[in-house]
Each structure stands twice: as C-alpha cells, then as structure tokens.
Amino acid sequence: MHFVNEGEVVLERAGADGSNAILQRTRRGFVSEASLGSSQYHCDAHVVTAATITQIPISSITSALAIDPMFSARWIDMLNREVRRLRMHCERLSLPKVQDRLTHLLATQGDSGRYAMGSGLKSIASELGVTHEALYRCVASLEKQGRLARQDGFLVLQPLGV
C-alpha cells in the first residue's frame with residue numbers, strides 16, 4: 001500500500017485497443033487501496049509529477065483494521081469519501097460538453113473553484129475523457145469570456161457576473 005504525501009500518482013489499466021484508462025488519480029492520499037483484499041495488482045501506478053510516497057506494509061493495515069476500531073472507522077470514512085469522489089467522476093463523464101465537464105471538475109474537486117493543474121492540461125483532459133485539443137479550446141474560450149483564469153499553477157473558476 002502507498003500513501004502519496006505530495007506529487008501526483010495515477011493508476012492506469014491498458015485497454016484491449018492499447019490505450020490506457022486512468023482509474024485513479026491521487027495527489028494526496030492512499031493509492032491502490034482497492035488492492036487491500038487482492039493477491040495481485042490489476043493496474044500500473046505511474047508517478048506523473050515529482051512525488052513523496054510512503055510505503056505501508058499491507059499486513060500493518062490489515063492488523064490495524066482487525067484490532068483498532070478507531071482506525072477501522074477512519075478507514076471506512078476514507079473509502080466512503082473515495083466512493084463519493086468516484087461517483088462525481090462518473091457524473092462528470094456523463095456530461096455532454098467539455099465546458100460542462102471542466103466546470104463540474106473545478107466546482108466539485110477544486111477548493112473554492114481553484115483546481116491545481118498538477119501535471120498539466122493534458123492530464124486534466126484525460127481525466128475529463130476528452131482530447132487535449134478540445135480542452136485547450138475550451139480553456140481558451142472560458143478565459144476569453146472571463147469565466148476562467150490560470151493563476152500560479154491553478155485553474156480558477158470565476159464567479160458569473162464578475
């Protein structure tokens with residue numbers, strides 16, 4: 001098991017057509033927690049920006065889950081947050097327009113509309129399930145409308161009417 005202290009790690013799985021699907025993107029938190037009950041990994045982890053990662057033996061986690069009710073409760077809470085995040089991601093992917101997907105990401109995953117670009121717009125495009133060219137056009141259009149700004153490595157959603 002691994003905990004990303006800083007940086008960005010993605011879990012990817014190769015598709016039948018040779019393309020990679022990003023299954024998880026972690027900027028701070030556990031990565032591969034779904035493998036806790038599995039004897040083998042089903043995807044590959046890739047560090048996409050410089051990262052500090054702590055390796056935790058699975059036996060330590062399973063032992064703590066078995067004997068420490070407070071740890072178990074915190075673990076369940078963390079998994080619940082991850083399920084909610086993944087449901088928002090599914091909701092986002094169901095939106096038909098690139099602009100709708102991007103603004104949903106910034107509103108739901110950003111901090112007051114500020115979303116760290118991490119490893120860049122290409123990575124965000126992949127997360128949104130769109131081509132990077134389509135995302136570049138969308139960002140440029142939103143910037144021109146005054147709805148979006150790039151500030152110090154963040155995409156910042158501007159309130160309407162500002």
# chains A, B, ... in the order shown; residues from 1 in each chain; ligands from 1
$ residues_around --residues "stretch 76-83 of chain A" --least-positions-apart "3" --cutoff "12 Å" --atoms "only C-alpha atoms" --output "list of chain:residue names"
A:Gln24, A:Arg25, A:Thr26, A:Gly29, A:Phe30, A:Val31, A:Ser32, A:Glu33, A:Ala34, A:Leu36, A:Leu65, A:Pro69, A:Met70, A:Phe71, A:Ser72, A:Ala73, A:Leu86, A:Arg87, A:Met88, A:His89, A:Cys90, A:Gln109
$ write_last_selection --atoms "C-alpha atoms" --output "PDB file, in the first residue's frame"
ATOM      1  CA  GLN A  24      -7.383   6.685 -10.064  1.00  0.00           C
ATOM      2  CA  ARG A  25      -5.541   9.969  -9.711  1.00  0.00           C
ATOM      3  CA  THR A  26      -4.101  10.735  -6.293  1.00  0.00           C
ATOM      4  CA  GLY A  29      -3.844  10.122  -0.038  1.00  0.00           C
ATOM      5  CA  PHE A  30      -3.753   6.389  -0.467  1.00  0.00           C
ATOM      6  CA  VAL A  31      -3.262   4.881  -3.865  1.00  0.00           C
ATOM      7  CA  SER A  32      -4.248   1.273  -4.644  1.00  0.00           C
ATOM      8  CA  GLU A  33      -6.371   0.885  -1.518  1.00  0.00           C
ATOM      9  CA  ALA A  34      -8.694  -1.368  -3.530  1.00  0.00           C
ATOM     10  CA  LEU A  36      -6.013  -4.430   0.069  1.00  0.00           C
ATOM     11  CA  LEU A  65      -8.178  -2.889  10.873  1.00  0.00           C
ATOM     12  CA  PRO A  69     -11.934   0.176  15.937  1.00  0.00           C
ATOM     13  CA  MET A  70     -10.994   3.863  15.606  1.00  0.00           C
ATOM     14  CA  PHE A  71      -8.595   3.092  12.753  1.00  0.00           C
ATOM     15  CA  SER A  72     -11.278   0.927  11.115  1.00  0.00           C
ATOM     16  CA  ALA A  73     -13.805   3.766  11.357  1.00  0.00           C
ATOM     17  CA  LEU A  86     -15.699   8.374  -7.993  1.00  0.00           C
ATOM     18  CA  ARG A  87     -19.466   8.861  -8.289  1.00  0.00           C
ATOM     19  CA  MET A  88     -18.883  12.565  -9.036  1.00  0.00           C
ATOM     20  CA  HIS A  89     -16.346  11.489 -11.636  1.00  0.00           C
ATOM     21  CA  CYS A  90     -18.940   9.204 -13.274  1.00  0.00           C
ATOM     22  CA  GLN A 109     -12.975  18.877  -6.878  1.00  0.00           C
TER      23      GLN A 109
END
$ residues_around --residues "A:Gln145" --least-positions-apart "2" --cutoff "12 Å" --atoms "only C-alpha atoms" --output "list of chain:residue names"
A:Cys138, A:Val139, A:Ala140, A:Ser141, A:Leu142, A:Glu143, A:Arg147, A:Leu148, A:Ala149, A:Leu157, A:Gln158, A:Pro159, A:Leu160, A:Gly161, A:Val162
$ write_last_selection --atoms "N, CA and C atoms" --output "PDB file, in the first residue's frame"
ATOM      1  N   CYS A 138     -11.529  24.811 -25.072  1.00  0.00           N
ATOM      2  CA  CYS A 138     -12.490  25.149 -24.019  1.00  0.00           C
ATOM      3  C   CYS A 138     -11.885  26.143 -23.031  1.00  0.00           C
ATOM      4  N   VAL A 139     -10.666  25.884 -22.580  1.00  0.00           N
ATOM      5  CA  VAL A 139      -9.998  26.777 -21.630  1.00  0.00           C
ATOM      6  C   VAL A 139      -9.830  28.162 -22.252  1.00  0.00           C
ATOM      7  N   ALA A 140      -9.388  28.205 -23.502  1.00  0.00           N
ATOM      8  CA  ALA A 140      -9.207  29.498 -24.176  1.00  0.00           C
ATOM      9  C   ALA A 140     -10.531  30.252 -24.272  1.00  0.00           C
ATOM     10  N   SER A 141     -11.607  29.549 -24.596  1.00  0.00           N
ATOM     11  CA  SER A 141     -12.918  30.180 -24.703  1.00  0.00           C
ATOM     12  C   SER A 141     -13.389  30.716 -23.348  1.00  0.00           C
ATOM     13  N   LEU A 142     -13.231  29.917 -22.298  1.00  0.00           N
ATOM     14  CA  LEU A 142     -13.640  30.360 -20.960  1.00  0.00           C
ATOM     15  C   LEU A 142     -12.786  31.534 -20.469  1.00  0.00           C
ATOM     16  N   GLU A 143     -11.499  31.523 -20.814  1.00  0.00           N
ATOM     17  CA  GLU A 143     -10.634  32.657 -20.453  1.00  0.00           C
ATOM     18  C   GLU A 143     -11.094  33.923 -21.179  1.00  0.00           C
ATOM     19  N   ARG A 147     -14.528  33.733 -17.598  1.00  0.00           N
ATOM     20  CA  ARG A 147     -15.071  32.736 -16.662  1.00  0.00           C
ATOM     21  C   ARG A 147     -13.989  31.884 -16.010  1.00  0.00           C
ATOM     22  N   LEU A 148     -12.768  31.939 -16.554  1.00  0.00           N
ATOM     23  CA  LEU A 148     -11.686  31.076 -16.078  1.00  0.00           C
ATOM     24  C   LEU A 148     -10.370  31.833 -16.165  1.00  0.00           C
ATOM     25  N   ALA A 149      -9.503  31.579 -15.189  1.00  0.00           N
ATOM     26  CA  ALA A 149      -8.161  32.179 -15.214  1.00  0.00           C
ATOM     27  C   ALA A 149      -7.156  31.111 -14.818  1.00  0.00           C
ATOM     28  N   LEU A 157     -11.975  29.099 -11.457  1.00  0.00           N
ATOM     29  CA  LEU A 157     -13.299  29.387 -11.994  1.00  0.00           C
ATOM     30  C   LEU A 157     -13.759  30.728 -11.441  1.00  0.00           C
ATOM     31  N   GLN A 158     -14.071  31.649 -12.347  1.00  0.00           N
ATOM     32  CA  GLN A 158     -14.504  32.985 -11.942  1.00  0.00           C
ATOM     33  C   GLN A 158     -16.011  32.963 -11.743  1.00  0.00           C
ATOM     34  N   PRO A 159     -16.506  33.626 -10.677  1.00  0.00           N
ATOM     35  CA  PRO A 159     -17.949  33.688 -10.475  1.00  0.00           C
ATOM     36  C   PRO A 159     -18.622  34.404 -11.632  1.00  0.00           C
ATOM     37  N   LEU A 160     -19.850  33.986 -11.939  1.00  0.00           N
ATOM     38  CA  LEU A 160     -20.610  34.652 -13.000  1.00  0.00           C
ATOM     39  C   LEU A 160     -20.853  36.107 -12.615  1.00  0.00           C
ATOM     40  N   GLY A 161     -20.801  36.998 -13.603  1.00  0.00           N
ATOM     41  CA  GLY A 161     -21.066  38.407 -13.363  1.00  0.00           C
ATOM     42  C   GLY A 161     -19.886  39.185 -12.819  1.00  0.00           C
ATOM     43  N   VAL A 162     -18.686  38.585 -12.787  1.00  0.00           N
ATOM     44  CA  VAL A 162     -17.503  39.301 -12.288  1.00  0.00           C
ATOM     45  C   VAL A 162     -16.684  39.779 -13.457  1.00  0.00           C
TER      46      VAL A 162
END
$ select_by_dssp --residues "stretch 62-158 of chain A" --states "strand (DSSP E)" --output "VMD selection string"
chain A and resid 114 to 116 148 to 151 154 to 157
$ closest_residue --among "A:Arg27, A:Arg85, A:Arg92, A:Lys144" --to "A:Ala50" --atoms "only C-alpha atoms"
A:Arg27
$ select_by_dssp --residues "chain A" --states "helix (DSSP H, G or I)" --output "PyMOL selection string"
chain A and resi 33-37+58-67+69-93+98-109+121-128+132-144
$ closest_residue --among "A:Ala107, A:Val10, A:Ala16, A:Met1" --to "A:Ser59" --atoms "only C-alpha atoms"
A:Met1
$ atom_distance --atom1 "atom CA of A:Val156" --atom2 "atom CA of A:Thr52"
25.8 Å
$ residues_around --residues "A:Thr49" --least-positions-apart "3" --cutoff "10 Å" --atoms "only C-alpha atoms" --output "list in words"
Glu6, Gly7, Glu8, Val9, Val10, Arg27, His46, Thr52, Gly118, Ser119 and Gly120 of chain A
$ closest_atom_pairs --of "stretch 15-111 of chain A" --to "stretch 124-137 of chain A" --cutoff "8 Å" --atoms "only C-alpha atoms" --output "tab-separated table"
residue	atom	partner	partner_atom	distance
A:Ile22	CA	A:Glu127	CA	7.1
A:Arg92	CA	A:Leu128	CA	7.5
A:Leu93	CA	A:Leu128	CA	6.5
A:Val98	CA	A:Leu135	CA	6.7
A:Arg101	CA	A:Leu128	CA	6.4
A:Leu102	CA	A:Leu128	CA	7.2
$ closest_residue --among "A:Leu155, A:Ala64, A:Arg74, A:Thr54" --to "A:Gly110" --atoms "only C-alpha atoms"
A:Leu155
$ atom_distance --atom1 "atom CA of A:Gly15" --atom2 "atom CA of A:Arg84"
24.8 Å
$ atom_distance --atom1 "atom CA of A:Leu121" --atom2 "atom CA of A:Ser94"
19.9 Å
$ closest_residue --among "A:Val47, A:Leu23, A:Ile61, A:Val4" --to "A:Trp75" --atoms "only C-alpha atoms"
A:Ile61
